[in-house]
Each structure stands twice: as C-alpha cells, then as structure tokens.
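This is query.cif. It holds mmCIF, C-alpha atoms, pLDDT in the B column; chains and numbers go by the auth columns.
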```cif
data_data
loop_
_atom_site.group_PDB
_atom_site.id
_atom_site.type_symbol
_atom_site.label_atom_id
_atom_site.label_comp_id
_atom_site.label_asym_id
_atom_site.label_seq_id
_atom_site.Cartn_x
_atom_site.Cartn_y
_atom_site.Cartn_z
_atom_site.B_iso_or_equiv
_atom_site.auth_seq_id
_atom_site.auth_asym_id
ATOM 1 C CA MET A 1 -49.648 5.613 38.882 67.00 24 A
ATOM 2 C CA GLY A 2 -50.654 6.844 42.356 76.00 25 A
ATOM 3 C CA ALA A 3 -54.319 5.765 42.285 82.00 26 A
ATOM 4 C CA TYR A 4 -53.385 2.589 40.416 84.00 27 A
ATOM 5 C CA ASP A 5 -50.756 1.703 43.031 89.00 28 A
ATOM 6 C CA ALA A 6 -53.148 2.506 45.883 92.00 29 A
ATOM 7 C CA GLU A 7 -55.788 0.189 44.407 95.00 30 A
ATOM 8 C CA LEU A 8 -53.160 -2.486 43.815 95.00 31 A
ATOM 9 C CA GLY A 9 -51.761 -2.152 47.328 95.00 32 A
ATOM 10 C CA ALA A 10 -55.225 -2.503 48.864 96.00 33 A
ATOM 11 C CA ALA A 11 -55.977 -5.554 46.712 96.00 34 A
ATOM 12 C CA VAL A 12 -52.682 -7.197 47.664 96.00 35 A
ATOM 13 C CA GLU A 13 -53.326 -6.562 51.348 97.00 36 A
ATOM 14 C CA ARG A 14 -56.772 -8.180 51.107 97.00 37 A
ATOM 15 C CA ALA A 15 -55.365 -11.063 49.028 96.00 38 A
ATOM 16 C CA GLN A 16 -52.783 -11.730 51.725 96.00 39 A
ATOM 17 C CA GLN A 17 -55.709 -12.209 54.107 95.00 40 A
ATOM 18 C CA GLY A 18 -57.197 -14.866 51.815 94.00 41 A
ATOM 19 C CA ASP A 19 -59.549 -12.766 49.669 94.00 42 A
ATOM 20 C CA GLU A 20 -59.514 -14.556 46.292 94.00 43 A
ATOM 21 C CA ASP A 21 -61.420 -11.756 44.565 95.00 44 A
ATOM 22 C CA ALA A 22 -58.737 -9.306 45.693 96.00 45 A
ATOM 23 C CA PHE A 23 -56.035 -11.577 44.260 96.00 46 A
ATOM 24 C CA ALA A 24 -57.940 -11.541 40.960 95.00 47 A
ATOM 25 C CA VAL A 25 -57.948 -7.722 41.062 96.00 48 A
ATOM 26 C CA ALA A 26 -54.182 -7.660 41.705 96.00 49 A
ATOM 27 C CA TYR A 27 -53.672 -10.109 38.844 96.00 50 A
ATOM 28 C CA ARG A 28 -55.768 -8.003 36.435 95.00 51 A
ATOM 29 C CA LEU A 29 -53.848 -4.864 37.381 95.00 52 A
ATOM 30 C CA VAL A 30 -50.373 -6.403 37.072 95.00 53 A
ATOM 31 C CA GLN A 31 -50.686 -9.039 34.349 95.00 54 A
ATOM 32 C CA PRO A 32 -50.784 -6.810 31.224 93.00 55 A
ATOM 33 C CA GLY A 33 -47.494 -5.086 32.042 92.00 56 A
ATOM 34 C CA LEU A 34 -45.930 -8.279 33.352 95.00 57 A
ATOM 35 C CA ILE A 35 -46.814 -10.287 30.233 94.00 58 A
ATOM 36 C CA GLY A 36 -45.420 -7.502 28.034 92.00 59 A
ATOM 37 C CA TYR A 37 -42.167 -7.569 29.986 93.00 60 A
ATOM 38 C CA VAL A 38 -41.891 -11.360 29.868 94.00 61 A
ATOM 39 C CA ARG A 39 -42.793 -11.407 26.156 92.00 62 A
ATOM 40 C CA GLY A 40 -39.894 -9.018 25.601 90.00 63 A
ATOM 41 C CA LEU A 41 -37.575 -11.505 27.307 91.00 64 A
ATOM 42 C CA VAL A 42 -38.774 -14.883 26.041 92.00 65 A
ATOM 43 C CA GLY A 43 -41.052 -14.190 23.076 90.00 66 A
ATOM 44 C CA ASP A 44 -43.708 -16.772 22.290 89.00 67 A
ATOM 45 C CA ASP A 45 -43.230 -18.636 25.571 93.00 68 A
ATOM 46 C CA ALA A 46 -44.314 -15.613 27.612 93.00 69 A
ATOM 47 C CA GLU A 47 -47.681 -17.053 28.669 95.00 70 A
ATOM 48 C CA ASP A 48 -46.052 -20.197 30.081 95.00 71 A
ATOM 49 C CA VAL A 49 -43.299 -18.286 31.862 96.00 72 A
ATOM 50 C CA ALA A 50 -45.772 -15.769 33.289 95.00 73 A
ATOM 51 C CA ALA A 51 -47.963 -18.629 34.520 95.00 74 A
ATOM 52 C CA GLU A 52 -44.957 -20.112 36.347 96.00 75 A
ATOM 53 C CA ALA A 53 -44.247 -16.700 37.845 96.00 76 A
ATOM 54 C CA TRP A 54 -47.851 -16.332 39.047 96.00 77 A
ATOM 55 C CA LEU A 55 -47.666 -19.739 40.732 95.00 78 A
ATOM 56 C CA GLU A 56 -44.651 -18.521 42.669 96.00 79 A
ATOM 57 C CA ILE A 57 -46.297 -15.156 43.382 96.00 80 A
ATOM 58 C CA ALA A 58 -49.404 -16.880 44.765 95.00 81 A
ATOM 59 C CA ARG A 59 -47.299 -19.281 46.823 95.00 82 A
ATOM 60 C CA ASP A 60 -45.134 -16.538 48.358 96.00 83 A
ATOM 61 C CA LEU A 61 -47.744 -13.766 48.623 96.00 84 A
ATOM 62 C CA GLY A 62 -47.828 -13.974 52.410 94.00 85 A
ATOM 63 C CA ARG A 63 -44.137 -13.075 52.566 95.00 86 A
ATOM 64 C CA PHE A 64 -44.483 -9.920 50.451 96.00 87 A
ATOM 65 C CA ARG A 65 -44.168 -6.644 52.341 95.00 88 A
ATOM 66 C CA GLY A 66 -44.816 -3.331 50.640 93.00 89 A
ATOM 67 C CA ASP A 67 -47.228 -1.197 48.652 94.00 90 A
ATOM 68 C CA GLY A 68 -48.660 -1.447 45.141 93.00 91 A
ATOM 69 C CA SER A 69 -45.517 -0.134 43.472 92.00 92 A
ATOM 70 C CA GLY A 70 -43.424 -2.551 45.488 94.00 93 A
ATOM 71 C CA PHE A 71 -45.710 -5.399 44.459 96.00 94 A
ATOM 72 C CA ARG A 72 -45.219 -4.580 40.761 94.00 95 A
ATOM 73 C CA GLY A 73 -41.453 -4.633 41.295 95.00 96 A
ATOM 74 C CA TRP A 74 -41.628 -7.856 43.292 96.00 97 A
ATOM 75 C CA THR A 75 -43.698 -9.593 40.597 97.00 98 A
ATOM 76 C CA ALA A 76 -41.346 -8.322 37.862 95.00 99 A
ATOM 77 C CA THR A 77 -38.368 -9.737 39.771 96.00 100 A
ATOM 78 C CA ILE A 78 -40.035 -13.134 40.068 96.00 101 A
ATOM 79 C CA ALA A 79 -41.033 -13.081 36.395 96.00 102 A
ATOM 80 C CA ARG A 80 -37.503 -12.111 35.389 95.00 103 A
ATOM 81 C CA HIS A 81 -36.052 -15.031 37.343 95.00 104 A
ATOM 82 C CA ARG A 82 -38.491 -17.458 35.712 96.00 105 A
ATOM 83 C CA ALA A 83 -37.678 -15.956 32.277 94.00 106 A
ATOM 84 C CA LEU A 84 -33.929 -16.302 32.834 93.00 107 A
ATOM 85 C CA ASP A 85 -34.429 -19.907 33.990 93.00 108 A
ATOM 86 C CA HIS A 86 -36.444 -20.524 30.840 94.00 109 A
ATOM 87 C CA LEU A 87 -33.737 -19.008 28.631 91.00 110 A
ATOM 88 C CA ARG A 88 -31.054 -21.130 30.340 90.00 111 A
ATOM 89 C CA LYS A 89 -33.115 -24.256 29.634 90.00 112 A
ATOM 90 C CA GLN A 90 -33.473 -23.186 26.014 84.00 113 A
ATOM 91 C CA LYS A 91 -29.704 -23.123 25.545 80.00 114 A
ATOM 92 C CA ARG A 92 -29.907 -26.918 25.584 76.00 115 A
ATOM 93 C CA ARG A 93 -32.532 -26.709 22.838 66.00 116 A
ATOM 94 C CA PRO A 94 -31.837 -23.367 21.114 54.00 117 A
ATOM 95 C CA ARG A 95 -34.660 -21.068 20.050 52.00 118 A
ATOM 96 C CA THR A 96 -34.505 -17.339 19.565 51.00 119 A
ATOM 97 C CA SER A 97 -35.992 -14.982 22.124 51.00 120 A
ATOM 98 C CA LEU A 98 -37.980 -11.886 21.214 51.00 121 A
ATOM 99 C CA LEU A 99 -34.955 -9.716 21.828 50.00 122 A
ATOM 100 C CA GLU A 100 -33.377 -11.526 18.868 45.00 123 A
ATOM 101 C CA GLN A 101 -36.481 -11.808 16.682 45.00 124 A
ATOM 102 C CA ASP A 102 -37.551 -9.374 14.009 41.00 125 A
ATOM 103 C CA VAL A 103 -41.204 -10.357 14.168 36.00 126 A
ATOM 104 C CA LEU A 104 -43.469 -11.456 16.993 39.00 127 A
ATOM 105 C CA ASP A 105 -46.616 -13.497 16.437 44.00 128 A
ATOM 106 C CA LEU A 106 -49.184 -12.573 19.068 41.00 129 A
ATOM 107 C CA PRO A 107 -52.403 -14.559 19.391 45.00 130 A
ATOM 108 C CA GLY A 108 -55.453 -12.455 18.580 40.00 131 A
ATOM 109 C CA GLY A 109 -57.677 -11.862 21.586 42.00 132 A
ATOM 110 C CA GLN A 110 -60.676 -10.572 19.653 45.00 133 A
ATOM 111 C CA ASP A 111 -61.634 -10.534 16.020 43.00 134 A
ATOM 112 C CA THR A 112 -62.254 -6.785 15.787 45.00 135 A
ATOM 113 C CA ALA A 113 -60.457 -4.065 13.885 45.00 136 A
ATOM 114 C CA ALA A 114 -59.478 -2.315 17.122 48.00 137 A
ATOM 115 C CA ALA A 115 -57.986 -5.489 18.581 47.00 138 A
ATOM 116 C CA ALA A 116 -56.112 -6.138 15.336 44.00 139 A
ATOM 117 C CA LEU A 117 -54.642 -2.634 15.329 43.00 140 A
ATOM 118 C CA GLU A 118 -53.703 -2.915 19.003 51.00 141 A
ATOM 119 C CA THR A 119 -52.030 -6.284 18.405 50.00 142 A
ATOM 120 C CA LEU A 120 -50.191 -4.933 15.392 47.00 143 A
ATOM 121 C CA SER A 121 -48.941 -1.882 17.266 66.00 144 A
ATOM 122 C CA THR A 122 -47.910 -4.004 20.275 68.00 145 A
ATOM 123 C CA GLU A 123 -46.185 -6.455 17.958 72.00 146 A
ATOM 124 C CA ARG A 124 -44.343 -3.682 16.144 75.00 147 A
ATOM 125 C CA ALA A 125 -43.369 -1.970 19.393 76.00 148 A
ATOM 126 C CA LEU A 126 -41.993 -5.197 20.889 78.00 149 A
ATOM 127 C CA ALA A 127 -40.199 -6.019 17.642 80.00 150 A
ATOM 128 C CA LEU A 128 -38.559 -2.565 17.689 80.00 151 A
ATOM 129 C CA ILE A 129 -37.623 -2.941 21.355 84.00 152 A
ATOM 130 C CA GLY A 130 -36.157 -6.316 20.429 84.00 153 A
ATOM 131 C CA ARG A 131 -33.693 -4.576 18.119 87.00 154 A
ATOM 132 C CA LEU A 132 -32.168 -2.660 21.035 88.00 155 A
ATOM 133 C CA PRO A 133 -29.206 -3.981 23.013 91.00 156 A
ATOM 134 C CA ARG A 134 -30.539 -6.355 25.688 89.00 157 A
ATOM 135 C CA GLU A 135 -29.733 -4.055 28.644 91.00 158 A
ATOM 136 C CA GLN A 136 -31.569 -1.136 27.020 90.00 159 A
ATOM 137 C CA ALA A 137 -34.489 -3.310 25.929 89.00 160 A
ATOM 138 C CA GLU A 138 -35.016 -4.703 29.415 90.00 161 A
ATOM 139 C CA ALA A 139 -34.791 -1.235 30.988 90.00 162 A
ATOM 140 C CA VAL A 140 -37.383 0.126 28.528 87.00 163 A
ATOM 141 C CA LEU A 141 -39.696 -2.839 29.137 88.00 164 A
ATOM 142 C CA LEU A 142 -39.536 -2.409 32.916 90.00 165 A
ATOM 143 C CA ARG A 143 -39.920 1.372 32.861 88.00 166 A
ATOM 144 C CA VAL A 144 -42.518 1.729 30.088 83.00 167 A
ATOM 145 C CA VAL A 145 -44.385 -1.583 29.841 83.00 168 A
ATOM 146 C CA VAL A 146 -44.379 -2.625 33.513 88.00 169 A
ATOM 147 C CA GLY A 147 -44.400 0.997 34.725 87.00 170 A
ATOM 148 C CA LEU A 148 -41.669 0.718 37.345 89.00 171 A
ATOM 149 C CA ASP A 149 -39.756 3.766 38.515 89.00 172 A
ATOM 150 C CA GLY A 150 -35.953 3.875 38.263 87.00 173 A
ATOM 151 C CA PRO A 151 -35.157 2.437 41.725 91.00 174 A
ATOM 152 C CA ALA A 152 -37.699 -0.393 41.368 90.00 175 A
ATOM 153 C CA ALA A 153 -36.425 -1.321 37.901 91.00 176 A
ATOM 154 C CA ALA A 154 -32.872 -1.216 39.269 92.00 177 A
ATOM 155 C CA ARG A 155 -33.800 -3.685 42.021 92.00 178 A
ATOM 156 C CA VAL A 156 -35.314 -6.048 39.451 92.00 179 A
ATOM 157 C CA LEU A 157 -32.183 -5.890 37.294 92.00 180 A
ATOM 158 C CA GLY A 158 -29.703 -5.857 40.173 92.00 181 A
ATOM 159 C CA LYS A 159 -28.202 -2.578 38.955 92.00 182 A
ATOM 160 C CA ARG A 160 -27.924 0.984 40.196 93.00 183 A
ATOM 161 C CA PRO A 161 -30.873 3.290 39.456 91.00 184 A
ATOM 162 C CA GLY A 162 -28.658 5.650 37.437 91.00 185 A
ATOM 163 C CA ALA A 163 -27.516 2.784 35.208 92.00 186 A
ATOM 164 C CA VAL A 164 -31.119 1.767 34.572 91.00 187 A
ATOM 165 C CA ARG A 165 -32.214 5.358 33.869 90.00 188 A
ATOM 166 C CA THR A 166 -29.306 5.709 31.428 92.00 189 A
ATOM 167 C CA ALA A 167 -30.112 2.406 29.715 92.00 190 A
ATOM 168 C CA ALA A 168 -33.799 3.344 29.452 90.00 191 A
ATOM 169 C CA HIS A 169 -32.916 6.807 28.090 90.00 192 A
ATOM 170 C CA ARG A 170 -30.550 5.324 25.508 92.00 193 A
ATOM 171 C CA GLY A 171 -33.126 2.680 24.645 88.00 194 A
ATOM 172 C CA LEU A 172 -35.867 5.247 24.107 88.00 195 A
ATOM 173 C CA LYS A 173 -33.507 7.384 22.043 89.00 196 A
ATOM 174 C CA GLY A 174 -32.622 4.292 20.005 88.00 197 A
ATOM 175 C CA LEU A 175 -36.320 3.541 19.516 83.00 198 A
ATOM 176 C CA ALA A 176 -36.906 7.100 18.303 84.00 199 A
ATOM 177 C CA GLU A 177 -34.113 6.662 15.760 86.00 200 A
ATOM 178 C CA LEU A 178 -35.519 3.293 14.619 82.00 201 A
ATOM 179 C CA LEU A 179 -38.974 4.830 14.232 79.00 202 A
ATOM 180 C CA ALA A 180 -37.599 7.808 12.294 81.00 203 A
ATOM 181 C CA ARG A 181 -35.732 5.428 9.974 82.00 204 A
ATOM 182 C CA ALA A 182 -38.817 3.247 9.484 75.00 205 A
ATOM 183 C CA TYR A 183 -40.974 6.318 8.791 75.00 206 A
ATOM 184 C CA ALA A 184 -38.442 7.694 6.293 81.00 207 A
ATOM 185 C CA GLU A 185 -38.295 4.365 4.468 79.00 208 A
ATOM 186 C CA GLY A 186 -42.060 4.428 4.172 65.00 209 A
#
```
Output the file's structure in the form of structure tokens.
Amino acid sequence: MGAYDAELGAAVERAQQGDEDAFAVAYRLVQPGLIGYVRGLVGDDAEDVAAEAWLEIARDLGRFRGDGSGFRGWTATIARHRALDHLRKQKRRPRTSLLEQDVLDLPGGQDTAAAALETLSTERALALIGRLPREQAEAVLLRVVVGLDGPAAARVLGKRPGAVRTAAHRGLKGLAELLARAYAEG
C-alpha cells in the first residue's frame, strides 16, 4: 500500500489546490474499495450512498489534513456516516441491507467472461461477508476491501484498534469456515 498511498496523497494534495485531474485520480484510487465497503453496508443502494459521500468529500476536501492512508480512512468515515443515515431512513420504509441478504445483484460493467467471473466472485464474497455478524463484517470490509490498517479502521468505527483487529480476525475465520462448508457441500 506504500506506493499506492504515496500516489493518493500526492493526488489529494494537488486536488486541494484545485487540480480537477488530481481529484479524478484520487477518486479512481479510492472508489473501488469505498463502493465495496458501502455495498456491504447498504446493498443495492451503494452507488447512491457513495455519490452522496463523494459530494461531501469534494465539499470538505480543503479541510482534510493527512496522507493517502489518512484520506482513505477519512473517506470511509464519511461514507459510513452516509450509509448509516441511509439505513436510518430505510427503517421508515424497511428494506434489507446486504448484511442481511443472501444474494447480491451487481450490475454488469462489461459483457465479457472475465467481467462476469469477477462480478460473480465479488457477489459471492459480499454475500458470504453478509452472513457474518455486523461488527465482523464491517471490520472485514474496512480491512480487506477498503485496505485500512487496524488504527484507521478503528477510527472509522469509533472503536479501539484491538477490537477491530479481533473482529476482523473472527470475521476472516468465520469466512474460512463458511467457504469450507460451501466447498464440502459442493
């Protein structure tokens, strides 16, 4: 993550000075992990929630202080807040989130065999993560999908780093057990 974070940090710094191309670079570097994290929280509404988060990120970019890793954590925190707001709104009009769903329908980006396999594996991975307890699922999403380290994920979740590391460890162990069961069942 070192070179990735250095490139991201440089892009963020240039974006803060008004360089739109640099903001696009930061977006391209962060968006895949961020959308995976948000999809794990809100399911099919991830694109809308992530778009709301990016509006806030763009608006508040000048106030951000930190490096590339810090930027990923900062964007994950904003996205998490927008996702939790979205879930609170949904309580008035109930719908299940991905963490409660067994299957996730992802829109196909390309009509190729490779894209189909990638979508299927992403869908299956998110569906398996969705079967974990919420705390473990969110820790796994932040650590593995977004790529945050323990302290950064802890800041996003408002927990201690040890609690997040434990939740991620238990979540990954739970995923291994789910995969072993699925493999054994054929």
Take the point (-53.9, -8.8, 48.6) as written in the file and pick out every residue within 12 Å of it, counting all atoms listed in the file; give the list as a PDB file with C-alpha atoms, keeping the file's coordinate frame.
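That gives us out_6.pdb:
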```pdb
ATOM      1  CA  ALA A  29     -53.148   2.506  45.883  1.00 92.00           C
ATOM      2  CA  GLU A  30     -55.788   0.189  44.407  1.00 95.00           C
ATOM      3  CA  LEU A  31     -53.160  -2.486  43.815  1.00 95.00           C
ATOM      4  CA  GLY A  32     -51.761  -2.152  47.328  1.00 95.00           C
ATOM      5  CA  ALA A  33     -55.225  -2.503  48.864  1.00 96.00           C
ATOM      6  CA  ALA A  34     -55.977  -5.554  46.712  1.00 96.00           C
ATOM      7  CA  VAL A  35     -52.682  -7.197  47.664  1.00 96.00           C
ATOM      8  CA  GLU A  36     -53.326  -6.562  51.348  1.00 97.00           C
ATOM      9  CA  ARG A  37     -56.772  -8.180  51.107  1.00 97.00           C
ATOM     10  CA  ALA A  38     -55.365 -11.063  49.028  1.00 96.00           C
ATOM     11  CA  GLN A  39     -52.783 -11.730  51.725  1.00 96.00           C
ATOM     12  CA  GLN A  40     -55.709 -12.209  54.107  1.00 95.00           C
ATOM     13  CA  GLY A  41     -57.197 -14.866  51.815  1.00 94.00           C
ATOM     14  CA  ASP A  42     -59.549 -12.766  49.669  1.00 94.00           C
ATOM     15  CA  GLU A  43     -59.514 -14.556  46.292  1.00 94.00           C
ATOM     16  CA  ASP A  44     -61.420 -11.756  44.565  1.00 95.00           C
ATOM     17  CA  ALA A  45     -58.737  -9.306  45.693  1.00 96.00           C
ATOM     18  CA  PHE A  46     -56.035 -11.577  44.260  1.00 96.00           C
ATOM     19  CA  ALA A  47     -57.940 -11.541  40.960  1.00 95.00           C
ATOM     20  CA  VAL A  48     -57.948  -7.722  41.062  1.00 96.00           C
ATOM     21  CA  ALA A  49     -54.182  -7.660  41.705  1.00 96.00           C
ATOM     22  CA  TYR A  50     -53.672 -10.109  38.844  1.00 96.00           C
ATOM     23  CA  LEU A  52     -53.848  -4.864  37.381  1.00 95.00           C
ATOM     24  CA  ILE A  80     -46.297 -15.156  43.382  1.00 96.00           C
ATOM     25  CA  ALA A  81     -49.404 -16.880  44.765  1.00 95.00           C
ATOM     26  CA  ASP A  83     -45.134 -16.538  48.358  1.00 96.00           C
ATOM     27  CA  LEU A  84     -47.744 -13.766  48.623  1.00 96.00           C
ATOM     28  CA  GLY A  85     -47.828 -13.974  52.410  1.00 94.00           C
ATOM     29  CA  ARG A  86     -44.137 -13.075  52.566  1.00 95.00           C
ATOM     30  CA  PHE A  87     -44.483  -9.920  50.451  1.00 96.00           C
ATOM     31  CA  ARG A  88     -44.168  -6.644  52.341  1.00 95.00           C
ATOM     32  CA  GLY A  89     -44.816  -3.331  50.640  1.00 93.00           C
ATOM     33  CA  ASP A  90     -47.228  -1.197  48.652  1.00 94.00           C
ATOM     34  CA  GLY A  91     -48.660  -1.447  45.141  1.00 93.00           C
ATOM     35  CA  PHE A  94     -45.710  -5.399  44.459  1.00 96.00           C
TER      36      PHE A  94
END
```
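Coordinates place atom CA of Ala190 of chain A at a distance of 14.0 Å from atom CA of Arg154 of chain A.
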Worksheet item: Residues picked by the PyMOL selection byres ((chain A and resi 193) around 10) here, as a PyMOL selection string?
Response: chain A and resi 155-156+158-160+162-163+187-192+194-199
Practice prompt. Between A:Gly25, A:Gly181, A:Gly170, A:Pro55, single out the one closest to Arg103 of chain A, counting all atoms listed in the file.
Written response: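 Ranking A:Gly25, A:Gly181, A:Gly170, A:Pro55 by distance to Arg103 of chain A, first place goes to A:Gly181.
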Item to complete: One decimal, Å: what's the distance from atom CA of Arg95 of chain A over to atom CA of Ala69 of chain A, could you say?
Response: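 These atoms are spaced 17.2 Å apart.
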Worksheet item: Interatomic distance between atom CA of Ala73 of chain A and atom CA of Val61 of chain A?
Response: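 Separation between atom CA of Ala73 of chain A and atom CA of Val61 of chain A: 6.8 Å.
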Discussion item. Let me make sure I understand: among A:Gly96, A:Leu107, A:Ala102, A:Gly153, which one has the smallest atom-to-atom distance to Val179 of chain A if we use all atoms listed in the file?
Written reply: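 Answer, going by the shortest atom-to-atom distance: A:Gly96.
Compared by their closest atoms to Thr98 of chain A, and using all atoms listed in the file, the residues A:Ala150, A:Ala205, A:Ala176, A:Leu110 rank with A:Ala176 nearest.
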Discussion item. Please determine, counting all atoms listed in the file, which residue among A:Val167, A:Ala175, A:Ile152, A:Leu78 has the shortest atom-to-atom distance to Glu200 of chain A.
Written reply: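 Looking only at the distances to Glu200 of chain A, the closest residue turns out to be A:Ile152.
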Around segment 70-76 of chain A, with edges along x, y and z and 5 Å added on all six sides, what centre and edge lengths do you get, in Å to one decimal, as lines of an AutoDock Vina configuration file?
```
center_x = -45.6
center_y = -18.0
center_z = 33.3
size_x = 14.7
size_y = 14.4
size_z = 19.2
```
